[in-house]
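Novice: Have a look at this one before I ask anything.
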Amino acid sequence: MPEMFGPLRHRLLTAGIAPRHARRYVAELRDHAADLADEERAAGLAPDEAHSRALARLGTADDLVRAMVARGDFRSWGARAPWAVYGLGSMLGVAMTYGLAIAAVAAIVETHRPTPDARPVLPDWFDSAFATITYVHGLVLPLALAAVFAWMATRQRMAALWPSVAMLIVGIIGGSGTLDFIRPADPHGIMELEIRFALATPWPGLNDCLRHIAINLLLTLAPYIAWHFWQKAVTEYASDDDALIPS
């Protein structure tokens, strides 16, 4: 039987059905349609007519989608509570990137104590390592996190609003924070690690942070928006050109 359930799967995902449930449902429908077509051919119908009759017995696309949507437990969390997945989730993800950066610096400092109670003796390469950590924290991790949200939204055929909000949160908050390691002038003083936000007074490292934010958004939000509208246009064109399942 020719492939005809791709558009149905797209409609299921667009309606908020979780990808794994949509995939399983379409596979079951495909198998059932094949069985129905075999029955019709066994009854003496020609293959093309048997296929058409099998699809008619299976139900319209609207009915098949409606049956799944009526079961609320088949919907993805992104569709049920997008504010939580893409809003709170993005803020939690950004907080984790800060936590990873702090943990990396703390690990270097703590592993260079001669004794557990002694003052750390930082290695010569500490400044280079700290610069790398700040670069990864301000640019690489936000890009990776935004890519995860873009992948989730694409996989679930989400509308662009909440994924865009997530990428804005990740790009702006993730790129606006700067880490500053302060070595005291007093040899016995306390070393400090500060997190400062360039978008708040006194605007520390504003130029670098604005550059990070711009790069984050240009490499994540802009391509996602472009892809989303391109995919929407392709889908609308295909739906106008082919009605693969009668409705």
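How things are named: the first chain in the structure tokens is A, the next is B, and so on; residues count from 1 in each chain; ligands count from 1 in the order shown.
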What parts of stretch 29-235 of chain A does DSSP call alpha helix (DSSP H)? I'd like the answer as an MDAnalysis selection string.
Specialist: chainID A and resid 29:42 47:58 61:69 77:80 82 89:110 126:135 141:155 161:176 206:219 221:235
Novice: Find the residues around A:Ala34 up to 10 Å (only C-alpha atoms counted), leave out those fewer than 3 positions away in its own chain, and share them as a list in words.
Specialist: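 After dropping sequence-adjacent residues, the list is Met1, Glu28, Leu29, Arg30, Asp31, Ala37, Asp38, Glu39, Glu40, Ala50, His51, Ala54 and Leu55 of chain A.
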Novice: Print the selection's residues with C-alpha atoms to a file, as a compact mmCIF listing (two decimals), in the first residue's frame.
Specialist:
# COMPACT_ATOMS: atom_id res chain seq x y z
CA MET A 1 0.00 0.00 0.00
CA GLU A 28 -1.08 0.43 13.97
CA LEU A 29 -3.35 2.19 11.47
CA ARG A 30 -1.04 1.29 8.61
CA ASP A 31 -1.10 -2.38 9.60
CA ALA A 37 -7.16 -4.08 1.94
CA ASP A 38 -6.32 -7.78 1.97
CA GLU A 39 -9.90 -8.54 2.98
CA GLU A 40 -11.26 -6.42 0.14
CA ALA A 50 -9.49 -2.39 -2.33
CA HIS A 51 -7.10 0.27 -1.03
CA ALA A 54 -9.90 -0.02 3.18
CA LEU A 55 -9.24 3.66 3.84
Novice: Write out, as a Markdown table, each residue of stretch 56-151 of chain A that has an atom at most 10 Å from stretch 157-174 of chain A, together with the closest pair of atoms and their distance in Å to one decimal, counting only C-alpha atoms, rows going by chain and rising number.
Specialist:
| residue | atom | partner | partner_atom | distance |
| --- | --- | --- | --- | --- |
| A:Gly78 | CA | A:Met158 | CA | 7.8 |
| A:Ala79 | CA | A:Met158 | CA | 7.5 |
| A:Pro82 | CA | A:Trp162 | CA | 6.4 |
| A:Trp83 | CA | A:Trp162 | CA | 7.0 |
| A:Ala84 | CA | A:Trp162 | CA | 9.7 |
| A:Val85 | CA | A:Ala166 | CA | 8.8 |
| A:Tyr86 | CA | A:Ala166 | CA | 5.1 |
| A:Gly87 | CA | A:Ala166 | CA | 5.7 |
| A:Leu88 | CA | A:Ala166 | CA | 8.5 |
| A:Gly89 | CA | A:Ala166 | CA | 7.9 |
| A:Ser90 | CA | A:Ala166 | CA | 5.3 |
| A:Met91 | CA | A:Ile169 | CA | 6.8 |
| A:Leu92 | CA | A:Val170 | CA | 9.7 |
| A:Gly93 | CA | A:Val170 | CA | 7.9 |
| A:Val94 | CA | A:Gly174 | CA | 5.8 |
| A:Ala95 | CA | A:Gly174 | CA | 8.4 |
| A:Thr97 | CA | A:Gly174 | CA | 7.8 |
| A:Tyr98 | CA | A:Gly174 | CA | 8.2 |
| A:His137 | CA | A:Gly174 | CA | 7.6 |
| A:Gly138 | CA | A:Gly174 | CA | 6.1 |
| A:Leu139 | CA | A:Gly174 | CA | 7.8 |
| A:Val140 | CA | A:Gly174 | CA | 9.8 |
| A:Leu141 | CA | A:Gly174 | CA | 8.1 |
| A:Pro142 | CA | A:Gly174 | CA | 5.6 |
| A:Leu143 | CA | A:Gly171 | CA | 7.6 |
| A:Ala144 | CA | A:Val170 | CA | 9.8 |
| A:Leu145 | CA | A:Val170 | CA | 7.2 |
| A:Ala146 | CA | A:Met167 | CA | 5.3 |
| A:Ala147 | CA | A:Met167 | CA | 8.4 |
| A:Val148 | CA | A:Met167 | CA | 9.7 |
| A:Phe149 | CA | A:Pro163 | CA | 6.4 |
| A:Ala150 | CA | A:Pro163 | CA | 6.6 |
| A:Trp151 | CA | A:Pro163 | CA | 9.6 |
Novice: Taking the DSSP secondary structure from the backbone, can you list the residues of stretch 4-234 of chain A that are strand (DSSP E or B), as a list in words?
Specialist: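 Written out, the strand (DSSP E or B) residues of stretch 4-234 of chain A are Ile17, Arg75, Gly177, Thr178, Leu179, Asp180, Phe181, Ile182, Glu192, Leu193, Glu194, Ile195, Arg196 and Phe197 of chain A.
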Novice: Compare A:Gly16, A:Gly59, A:Gly99, A:Pro123 by their minimum atom-to-atom distance to A:Arg80, counting only C-alpha atoms, and give me the closest one.
Specialist: A:Gly16
Novice: Extract, using only C-alpha atoms, all DNA, RNA and protein residues at most 12 Å from A:Thr14, discarding same-chain residues fewer than 2 positions from it, and format them as a PyMOL selection string.
Specialist: chain A and resi 7-12+16-19+22+65+69+75-76+78-79+153-160+232+235
Novice: Quick one: of A:Ala43, A:Ala81, A:Ala118, A:Ala129, who's nearest to A:Ala104, counting only C-alpha atoms?
Specialist: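 Nearest candidate to A:Ala104 out of A:Ala43, A:Ala81, A:Ala118, A:Ala129: A:Ala129.
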Novice: Find the distance between atom CA of A:Trp125 and atom CA of A:Ile182 and write it in Å to one decimal.
Specialist: 15.8 Å
Novice: So which one's closest to A:Gly175, A:His188, A:His212, A:Arg196, A:His21? Using only C-alpha atoms, please.
Specialist: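 Residue with the minimum atom-to-atom distance to A:Gly175: A:His212.
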Novice: I'd like the neighbourhood of A:Asp124 as a list in words, where a residue qualifies if any of its atoms comes within 12 Å (using only C-alpha atoms), though same-chain residues fewer than 5 positions away should be ignored.
Specialist: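 Answer for this query is Ile108, His112, Ala129 and Phe130 of chain A.
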Novice: With distances taken over only C-alpha atoms, which of A:Gly72, A:Gly177, A:Pro114, A:Gly6 is nearest to A:Gly205?
Specialist: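 Once distances to A:Gly205 are computed over only C-alpha atoms, the minimum belongs to A:Gly177.
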